[in-house]
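Working notes for the structure below.
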Amino acid sequence: MRCKWCHNPETFSSKCELEWVSDKCTNCQACISECKTGALKVVNNKIAFDKSKCNNCFACIEVCYSEALHQIGRTVSSEELYKEIAIDIPYFEESGGGITLSGGEPLFQFDFVKEILVHLKQKGIHTAMETNLSYRWDLYKELLPNLDYVMADFKLFYSDIHKIWTGLKNSRIIENIIHLDQTGIPYELRTPVIPGVNDSHEMIEKMAQFVSSLNNAKSYTLLPYHPLGATKYKNLGINNPMEGVKEIPKSNFKELELVKNRIVNV
Ligand code: SF4
Ligand code: SF4
């Protein structure tokens, strides 16, 4: 899926990529001679980053002493990640906490996610996963034995509108919510409320009515849109489809919560 309001554009690519934080750039131009592809160049005496030309060689990072250039993402095995997590086991034991797999979408890396969940469960660590439930149900079924909790998004009720804003129809997602409801695993549903997309009473009513037909959802929460991802789009050189869209006014959001609460009590 590619939700237009996504605030984690750094998760779009399965590969490591370069982030250029323009606010930190001192225009020293040390990076220019390192960049053999022309992705970093000087335009009107200032640095400009053209993502389409970047081959993610990361040579420029080495010479940027202002830390304006960063590598986003790294390659790690499930064993290596587990070793990092294990350092926090005493903290989990004290706090009752655990690990939440998030994203983007964890199932984008299904094999890795499956492996790390097995490691975590073997050590008795509480496991949760945030997912858009858009993958095949048989994949979720493979993960569920090692999951204690699921947080799933239910973004839009109408399938055609869902496709316009996320790139996919929602029929499989709805089926998967129903499957999840039948498994008995504790789960919650969340709807990001996006201005001009699903912030009408009618949209929220429809979704709440669907949720009220389920038996085992622990909670159903509306999450207000926030434009915090805008800086990430700029730093990564990715076009932001929600450029200029503001937060939903608090009073409007409270009204939508009342609409939802009249139908769903969890
Ligand atoms: S090396 Fe870093 S601080 Fe200097 S121009 Fe390049 S990005 Fe900016
Ligand atoms: S990571 Fe991209 S911008 Fe940096 S040197 Fe390599 S090609 Fe140029």
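Identifiers in this document derive from the order of the structure tokens: chains are assigned A, B, ..., residues are numbered from 1 separately in each chain, and ligands are numbered from 1 in order of occurrence.
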Within 6 Å of region 47-60 of chain A, counting only C-alpha atoms, which residues show up once you throw out same-chain ones fewer than 3 positions away? Write them as a list in words, please.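 My list of contacting residues is Glu17, Cys31, Glu34, Ala39, Leu40, Lys41, Val42, Val63 and Gly237 of chain A.
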How about saving the chosen residues, all heavy atoms kept, as a compact mmCIF listing (two decimals), in the first residue's frame?
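The result, written out as result_13.txt:
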```txt
# COMPACT_ATOMS: atom_id res chain seq x y z
N GLU A 17 18.78 4.11 1.89
CA GLU A 17 18.79 5.29 1.03
C GLU A 17 19.36 6.49 1.76
O GLU A 17 19.54 6.47 2.99
CB GLU A 17 17.39 5.59 0.47
CG GLU A 17 16.36 5.86 1.51
CD GLU A 17 14.96 5.99 0.92
OE1 GLU A 17 14.84 6.43 -0.23
OE2 GLU A 17 13.99 5.64 1.61
N CYS A 31 30.82 17.60 -0.16
CA CYS A 31 30.22 16.38 -0.69
C CYS A 31 30.24 16.35 -2.23
O CYS A 31 30.15 15.27 -2.83
CB CYS A 31 28.78 16.25 -0.20
SG CYS A 31 27.80 17.73 -0.51
N GLU A 34 32.65 14.10 -4.00
CA GLU A 34 32.45 12.67 -3.70
C GLU A 34 31.34 12.07 -4.56
O GLU A 34 31.30 10.87 -4.78
CB GLU A 34 32.08 12.48 -2.22
CG GLU A 34 33.14 12.91 -1.23
CD GLU A 34 34.43 12.12 -1.41
OE1 GLU A 34 34.35 10.89 -1.60
OE2 GLU A 34 35.51 12.74 -1.38
N ALA A 39 23.98 13.57 -8.23
CA ALA A 39 22.79 13.68 -7.35
C ALA A 39 22.90 14.88 -6.43
O ALA A 39 21.91 15.54 -6.12
CB ALA A 39 22.63 12.40 -6.53
N LEU A 40 24.14 15.15 -5.98
CA LEU A 40 24.38 16.37 -5.20
C LEU A 40 25.08 17.35 -6.13
O LEU A 40 26.11 17.02 -6.73
CB LEU A 40 25.27 16.06 -3.99
CG LEU A 40 24.60 15.34 -2.82
CD1 LEU A 40 25.65 14.82 -1.85
CD2 LEU A 40 23.61 16.22 -2.10
N LYS A 41 24.50 18.52 -6.26
CA LYS A 41 25.15 19.51 -7.11
C LYS A 41 24.87 20.91 -6.56
O LYS A 41 24.03 21.07 -5.64
CB LYS A 41 24.71 19.38 -8.55
CG LYS A 41 23.25 19.56 -8.76
CD LYS A 41 22.92 19.30 -10.22
CE LYS A 41 21.41 19.36 -10.39
NZ LYS A 41 20.94 19.00 -11.68
N VAL A 42 25.58 21.88 -7.12
CA VAL A 42 25.40 23.26 -6.68
C VAL A 42 24.48 23.97 -7.67
O VAL A 42 24.76 24.00 -8.87
CB VAL A 42 26.76 24.00 -6.58
CG1 VAL A 42 26.54 25.43 -6.07
CG2 VAL A 42 27.70 23.24 -5.65
N VAL A 63 32.25 12.69 4.25
CA VAL A 63 32.90 14.01 4.24
C VAL A 63 32.00 15.11 4.81
O VAL A 63 32.39 16.27 4.84
CB VAL A 63 33.34 14.41 2.82
CG1 VAL A 63 34.37 13.42 2.29
CG2 VAL A 63 32.14 14.52 1.87
N GLY A 237 13.83 13.72 -0.51
CA GLY A 237 13.64 14.10 -1.91
C GLY A 237 12.47 13.39 -2.55
O GLY A 237 12.48 13.12 -3.76
```
Determine, for each residue of chain A having at least one atom at most 6 Å from an atom of ligand 1, the closest pair of atoms and their separation in Å to one decimal, counting only C-alpha atoms and all ligand atoms; order by chain and ascending number, as CSV.
```
residue,atom,partner,partner_atom_place_in_ligand_line,distance
A:Cys25,CA,ligand 1,8 (Fe),3.7
A:Thr26,CA,ligand 1,3 (S),4.4
A:Asn27,CA,ligand 1,5 (S),3.8
A:Cys28,CA,ligand 1,4 (Fe),3.9
A:Gln29,CA,ligand 1,5 (S),3.6
A:Ala30,CA,ligand 1,1 (S),4.4
A:Cys31,CA,ligand 1,6 (Fe),4.2
A:Ile47,CA,ligand 1,5 (S),5.9
A:Val63,CA,ligand 1,1 (S),5.7
A:Cys64,CA,ligand 1,1 (S),3.7
A:Ser66,CA,ligand 1,3 (S),5.0
A:Ala68,CA,ligand 1,2 (Fe),5.0
A:Leu69,CA,ligand 1,7 (S),5.6
```
Export N, CA and C atoms of the chosen residues as an mmCIF file, in the first residue's frame?
```cif
data_model
loop_
_atom_site.group_PDB
_atom_site.id
_atom_site.type_symbol
_atom_site.label_atom_id
_atom_site.label_comp_id
_atom_site.auth_asym_id
_atom_site.auth_seq_id
_atom_site.Cartn_x
_atom_site.Cartn_y
_atom_site.Cartn_z
ATOM 1 N N CYS A 25 22.637 21.574 6.615
ATOM 2 C CA CYS A 25 23.679 21.766 5.594
ATOM 3 C C CYS A 25 24.278 23.174 5.699
ATOM 4 N N THR A 26 25.600 23.226 5.801
ATOM 5 C CA THR A 26 26.292 24.517 5.918
ATOM 6 C C THR A 26 26.785 25.022 4.559
ATOM 7 N N ASN A 27 26.458 24.272 3.504
ATOM 8 C CA ASN A 27 26.856 24.643 2.133
ATOM 9 C C ASN A 27 28.383 24.638 1.965
ATOM 10 N N CYS A 28 29.060 23.777 2.715
ATOM 11 C CA CYS A 28 30.526 23.714 2.612
ATOM 12 C C CYS A 28 30.961 23.108 1.273
ATOM 13 N N GLN A 29 30.074 22.332 0.656
ATOM 14 C CA GLN A 29 30.247 21.729 -0.676
ATOM 15 C C GLN A 29 31.316 20.633 -0.731
ATOM 16 N N ALA A 30 31.700 20.122 0.449
ATOM 17 C CA ALA A 30 32.673 19.024 0.485
ATOM 18 C C ALA A 30 32.134 17.766 -0.177
ATOM 19 N N CYS A 31 30.822 17.601 -0.157
ATOM 20 C CA CYS A 31 30.218 16.381 -0.694
ATOM 21 C C CYS A 31 30.240 16.348 -2.233
ATOM 22 N N ILE A 47 23.569 23.895 -2.296
ATOM 23 C CA ILE A 47 23.484 22.461 -2.560
ATOM 24 C C ILE A 47 22.054 22.066 -2.918
ATOM 25 N N VAL A 63 32.246 12.686 4.247
ATOM 26 C CA VAL A 63 32.895 14.009 4.242
ATOM 27 C C VAL A 63 31.995 15.107 4.814
ATOM 28 N N CYS A 64 30.805 14.726 5.249
ATOM 29 C CA CYS A 64 29.865 15.738 5.760
ATOM 30 C C CYS A 64 29.995 15.841 7.277
ATOM 31 N N SER A 66 28.893 18.154 9.119
ATOM 32 C CA SER A 66 27.720 18.791 9.740
ATOM 33 C C SER A 66 26.605 17.772 10.007
ATOM 34 N N ALA A 68 24.652 16.453 7.929
ATOM 35 C CA ALA A 68 23.459 16.753 7.128
ATOM 36 C C ALA A 68 23.086 15.570 6.242
ATOM 37 N N LEU A 69 24.006 14.640 6.067
ATOM 38 C CA LEU A 69 23.758 13.475 5.213
ATOM 39 C C LEU A 69 23.727 12.209 6.066
#
```
Hey, can you check how far CA of Lys250 (chain A) sits from CA of Lys4 (chain A)?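 If I compute the distance from CA of Lys250 (chain A) to CA of Lys4 (chain A), I get 21.7 Å.
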Pull the strand (DSSP E) assignments for region 84-195 of chain A out of DSSP run on the backbone, and list those residues as a PyMOL selection string. chain A and resi 98-101+126-131+149-153+187-193
Selection: 12 Å around Phe92 (chain A), only C-alpha atoms, excl. self and same-chain fewer than 5 positions, as a list in words: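 My reading of the contact set: Ile85, Ala86, Ile87, Gly97, Gly98, Ile99, Leu120, Lys123, Gly124, Ile125, His126 and Thr127 of chain A.
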Can I get the selection written as a PDB file, in the first residue's frame, with N, CA, C and O atoms?
```pdb
ATOM      1  N   ILE A  85      18.008  -6.464  21.001  1.00  0.00           N
ATOM      2  CA  ILE A  85      16.778  -6.430  21.810  1.00  0.00           C
ATOM      3  C   ILE A  85      17.030  -7.045  23.189  1.00  0.00           C
ATOM      4  O   ILE A  85      16.534  -6.551  24.209  1.00  0.00           O
ATOM      5  N   ALA A  86      17.841  -8.113  23.207  1.00  0.00           N
ATOM      6  CA  ALA A  86      18.060  -8.863  24.462  1.00  0.00           C
ATOM      7  C   ALA A  86      18.644  -7.975  25.557  1.00  0.00           C
ATOM      8  O   ALA A  86      18.428  -8.239  26.752  1.00  0.00           O
ATOM      9  N   ILE A  87      19.353  -6.922  25.178  1.00  0.00           N
ATOM     10  CA  ILE A  87      19.922  -6.000  26.176  1.00  0.00           C
ATOM     11  C   ILE A  87      18.803  -5.409  27.043  1.00  0.00           C
ATOM     12  O   ILE A  87      18.988  -5.112  28.220  1.00  0.00           O
ATOM     13  N   GLY A  97       6.881  -4.685  29.508  1.00  0.00           N
ATOM     14  CA  GLY A  97       6.889  -4.265  28.102  1.00  0.00           C
ATOM     15  C   GLY A  97       7.324  -5.376  27.163  1.00  0.00           C
ATOM     16  O   GLY A  97       7.441  -6.536  27.559  1.00  0.00           O
ATOM     17  N   GLY A  98       7.583  -5.014  25.950  1.00  0.00           N
ATOM     18  CA  GLY A  98       7.989  -5.991  24.941  1.00  0.00           C
ATOM     19  C   GLY A  98       8.311  -5.287  23.642  1.00  0.00           C
ATOM     20  O   GLY A  98       8.661  -4.119  23.632  1.00  0.00           O
ATOM     21  N   ILE A  99       8.163  -6.024  22.561  1.00  0.00           N
ATOM     22  CA  ILE A  99       8.545  -5.503  21.240  1.00  0.00           C
ATOM     23  C   ILE A  99       7.313  -5.342  20.348  1.00  0.00           C
ATOM     24  O   ILE A  99       6.485  -6.246  20.275  1.00  0.00           O
ATOM     25  N   LEU A 120      11.885 -14.074  19.684  1.00  0.00           N
ATOM     26  CA  LEU A 120      11.325 -13.323  20.818  1.00  0.00           C
ATOM     27  C   LEU A 120      10.428 -14.202  21.660  1.00  0.00           C
ATOM     28  O   LEU A 120      10.489 -14.180  22.898  1.00  0.00           O
ATOM     29  N   LYS A 123      12.116 -16.619  23.959  1.00  0.00           N
ATOM     30  CA  LYS A 123      12.664 -15.982  25.168  1.00  0.00           C
ATOM     31  C   LYS A 123      11.571 -15.400  26.050  1.00  0.00           C
ATOM     32  O   LYS A 123      11.852 -14.708  27.026  1.00  0.00           O
ATOM     33  N   GLY A 124      10.332 -15.626  25.696  1.00  0.00           N
ATOM     34  CA  GLY A 124       9.215 -15.168  26.539  1.00  0.00           C
ATOM     35  C   GLY A 124       8.968 -13.678  26.487  1.00  0.00           C
ATOM     36  O   GLY A 124       8.377 -13.108  27.409  1.00  0.00           O
ATOM     37  N   ILE A 125       9.408 -13.015  25.424  1.00  0.00           N
ATOM     38  CA  ILE A 125       9.188 -11.569  25.305  1.00  0.00           C
ATOM     39  C   ILE A 125       7.823 -11.296  24.660  1.00  0.00           C
ATOM     40  O   ILE A 125       7.466 -11.933  23.659  1.00  0.00           O
ATOM     41  N   HIS A 126       7.096 -10.361  25.239  1.00  0.00           N
ATOM     42  CA  HIS A 126       5.778 -10.003  24.703  1.00  0.00           C
ATOM     43  C   HIS A 126       5.952  -9.393  23.312  1.00  0.00           C
ATOM     44  O   HIS A 126       6.811  -8.536  23.094  1.00  0.00           O
ATOM     45  N   THR A 127       5.118  -9.837  22.368  1.00  0.00           N
ATOM     46  CA  THR A 127       5.265  -9.382  20.974  1.00  0.00           C
ATOM     47  C   THR A 127       3.965  -8.780  20.458  1.00  0.00           C
ATOM     48  O   THR A 127       2.881  -9.317  20.683  1.00  0.00           O
TER      49      THR A 127
END
```
When you look at region 240-244 of chain A with a cut-off of 8 Å (counting only C-alpha atoms), what residues show up, excluding the ones that are within fewer than 4 positions of it in the same chain? I need them as an NGL selection string. :A and (4-5 or 230 or 233-234)
Taking the DSSP secondary structure from the backbone, can you list the residues of region 126-256 of chain A that are alpha helix (DSSP H), as an MDAnalysis selection string? chainID A and resid 137:143 159:166 171:183 201:212 230:236 250:256
Could you name the residues that touch region 191-193 of chain A at 9 Å or less, counting only C-alpha atoms, but leaving out those on the same chain fewer than 5 positions away, as a PyMOL selection string? chain A and resi 152-156+198-199+204+207+220-225+248+253
Kindly save the residues from that selection, with all heavy atoms included, as a short mmCIF file (atom, residue, chain, number, x, y, z; two decimals), in the first residue's frame.
```cif
data_model
loop_
_atom_site.label_atom_id
_atom_site.label_comp_id
_atom_site.auth_asym_id
_atom_site.auth_seq_id
_atom_site.Cartn_x
_atom_site.Cartn_y
_atom_site.Cartn_z
N ALA A 152 -4.23 -3.12 14.13
CA ALA A 152 -4.49 -3.12 12.69
C ALA A 152 -5.19 -1.83 12.28
O ALA A 152 -6.01 -1.29 13.02
CB ALA A 152 -5.36 -4.32 12.31
N ASP A 153 -4.86 -1.37 11.08
CA ASP A 153 -5.48 -0.16 10.54
C ASP A 153 -6.73 -0.53 9.75
O ASP A 153 -6.75 -1.51 9.00
CB ASP A 153 -4.51 0.55 9.60
CG ASP A 153 -3.52 1.41 10.36
OD1 ASP A 153 -3.59 1.43 11.61
OD2 ASP A 153 -2.69 2.05 9.71
N PHE A 154 -7.73 0.29 9.91
CA PHE A 154 -8.95 0.20 9.10
C PHE A 154 -9.15 1.62 8.58
O PHE A 154 -9.69 2.48 9.25
CB PHE A 154 -10.11 -0.27 9.98
CG PHE A 154 -11.44 -0.33 9.30
CD1 PHE A 154 -11.56 -0.70 7.97
CD2 PHE A 154 -12.60 -0.05 10.00
CE1 PHE A 154 -12.79 -0.76 7.36
CE2 PHE A 154 -13.84 -0.11 9.39
CZ PHE A 154 -13.94 -0.46 8.07
N LYS A 155 -8.64 1.87 7.36
CA LYS A 155 -8.46 3.25 6.93
C LYS A 155 -9.70 3.87 6.30
O LYS A 155 -9.98 5.04 6.51
CB LYS A 155 -7.28 3.33 5.96
CG LYS A 155 -5.96 2.90 6.61
CD LYS A 155 -4.86 2.78 5.56
CE LYS A 155 -3.67 1.99 6.03
NZ LYS A 155 -2.87 2.63 7.05
N LEU A 156 -10.39 3.08 5.49
CA LEU A 156 -11.54 3.62 4.76
C LEU A 156 -12.55 2.51 4.52
O LEU A 156 -12.17 1.37 4.25
CB LEU A 156 -11.09 4.16 3.40
CG LEU A 156 -10.46 5.55 3.38
CD1 LEU A 156 -9.58 5.71 2.15
CD2 LEU A 156 -11.55 6.61 3.39
N ASN A 198 -11.54 10.99 4.95
CA ASN A 198 -12.51 10.19 5.71
C ASN A 198 -12.99 10.93 6.96
O ASN A 198 -13.37 10.31 7.94
CB ASN A 198 -11.90 8.84 6.10
CG ASN A 198 -10.68 8.99 6.99
OD1 ASN A 198 -10.25 10.12 7.28
ND2 ASN A 198 -10.14 7.87 7.43
N ASP A 199 -12.95 12.27 6.93
CA ASP A 199 -13.30 13.03 8.14
C ASP A 199 -14.75 13.50 8.13
O ASP A 199 -15.08 14.51 8.75
CB ASP A 199 -12.35 14.23 8.32
CG ASP A 199 -12.41 15.22 7.16
OD1 ASP A 199 -12.83 14.80 6.05
OD2 ASP A 199 -12.04 16.38 7.36
N ILE A 204 -17.21 7.99 9.13
CA ILE A 204 -16.89 7.43 10.44
C ILE A 204 -18.02 6.52 10.91
O ILE A 204 -17.78 5.44 11.48
CB ILE A 204 -16.62 8.57 11.46
CG1 ILE A 204 -15.40 9.39 11.02
CG2 ILE A 204 -16.43 8.01 12.88
CD1 ILE A 204 -14.08 8.64 10.91
N MET A 207 -17.70 3.11 9.20
CA MET A 207 -16.61 2.29 9.76
C MET A 207 -16.98 1.79 11.15
O MET A 207 -16.74 0.63 11.49
CB MET A 207 -15.30 3.08 9.75
CG MET A 207 -14.74 3.18 8.35
SD MET A 207 -13.09 3.85 8.25
CE MET A 207 -13.47 5.56 8.39
N TYR A 220 -11.29 0.43 19.46
CA TYR A 220 -11.34 1.06 18.13
C TYR A 220 -11.06 2.55 18.34
O TYR A 220 -11.81 3.23 19.04
CB TYR A 220 -12.70 0.84 17.48
CG TYR A 220 -12.85 1.55 16.15
CD1 TYR A 220 -11.82 1.50 15.19
CD2 TYR A 220 -13.99 2.27 15.83
CE1 TYR A 220 -11.94 2.15 13.98
CE2 TYR A 220 -14.12 2.92 14.61
CZ TYR A 220 -13.09 2.86 13.69
OH TYR A 220 -13.19 3.51 12.49
N THR A 221 -9.96 3.02 17.76
CA THR A 221 -9.48 4.38 18.04
C THR A 221 -9.39 5.18 16.75
O THR A 221 -8.94 4.67 15.72
CB THR A 221 -8.05 4.30 18.66
OG1 THR A 221 -8.08 3.35 19.72
CG2 THR A 221 -7.62 5.65 19.20
N LEU A 222 -9.80 6.44 16.83
CA LEU A 222 -9.57 7.37 15.72
C LEU A 222 -8.28 8.13 16.02
O LEU A 222 -8.06 8.59 17.15
CB LEU A 222 -10.73 8.37 15.60
CG LEU A 222 -12.13 7.79 15.40
CD1 LEU A 222 -13.14 8.92 15.22
CD2 LEU A 222 -12.18 6.83 14.23
N LEU A 223 -7.43 8.24 15.02
CA LEU A 223 -6.15 8.94 15.19
C LEU A 223 -6.14 10.18 14.30
O LEU A 223 -6.31 10.05 13.08
CB LEU A 223 -4.98 8.03 14.79
CG LEU A 223 -4.89 6.69 15.53
CD1 LEU A 223 -3.85 5.80 14.86
CD2 LEU A 223 -4.54 6.92 16.98
N PRO A 224 -5.95 11.37 14.86
CA PRO A 224 -5.98 12.57 14.02
C PRO A 224 -4.75 12.66 13.12
O PRO A 224 -3.64 12.36 13.56
CB PRO A 224 -6.00 13.72 15.03
CG PRO A 224 -5.42 13.14 16.29
CD PRO A 224 -5.70 11.67 16.28
N TYR A 225 -4.97 13.06 11.87
CA TYR A 225 -3.85 13.28 10.94
C TYR A 225 -2.92 14.34 11.50
O TYR A 225 -3.36 15.33 12.08
CB TYR A 225 -4.41 13.75 9.58
CG TYR A 225 -3.34 14.29 8.65
CD1 TYR A 225 -2.53 13.44 7.92
CD2 TYR A 225 -3.16 15.67 8.50
CE1 TYR A 225 -1.55 13.94 7.07
CE2 TYR A 225 -2.19 16.17 7.65
CZ TYR A 225 -1.39 15.30 6.95
OH TYR A 225 -0.41 15.80 6.11
N ILE A 248 -6.42 18.24 11.46
CA ILE A 248 -7.86 18.39 11.58
C ILE A 248 -8.15 19.23 12.84
O ILE A 248 -7.54 18.99 13.88
CB ILE A 248 -8.52 16.99 11.62
CG1 ILE A 248 -10.02 17.09 11.65
CG2 ILE A 248 -8.07 16.16 12.79
CD1 ILE A 248 -10.69 15.75 11.33
N PHE A 253 -12.54 16.94 15.27
CA PHE A 253 -12.11 15.58 15.63
C PHE A 253 -12.94 15.05 16.80
O PHE A 253 -13.36 13.89 16.80
CB PHE A 253 -10.62 15.58 15.97
CG PHE A 253 -10.10 14.21 16.26
CD1 PHE A 253 -9.91 13.31 15.22
CD2 PHE A 253 -9.81 13.80 17.55
CE1 PHE A 253 -9.45 12.02 15.47
CE2 PHE A 253 -9.35 12.52 17.81
CZ PHE A 253 -9.17 11.63 16.77
#
```
In terms of the shortest atom-to-atom distance over only C-alpha atoms and all ligand atoms, which of A:Val245, A:Leu236, A:Leu139, A:Ile89 is closest to ligand 2?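 Comparing A:Val245, A:Leu236, A:Leu139, A:Ile89 against ligand 2, the winner is A:Leu236.
In terms of minimum interatomic distance to Ile164 (chain A), A:Val197 ranks closest within A:Gly184, A:Met203, A:Val197, A:Ser219, counting only C-alpha atoms.
Each of A:Leu228, A:Ile72, A:Leu258, A:Leu147 was checked against ligand 2 using only C-alpha atoms and all ligand atoms; the smallest atom-to-atom distance is that of A:Ile72.
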Closest of A:Lys36, A:Lys260, A:Lys254, A:Arg172 to ligand 2 - atom-to-atom distances counting only C-alpha atoms and all ligand atoms: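 The closest residue to ligand 2 is A:Lys36.
Distance annotation: of A:Glu94, A:Glu10, A:Glu188, A:Glu202, the residue with the minimal separation from Asn216 (chain A) is A:Glu188; atom set is only C-alpha atoms.
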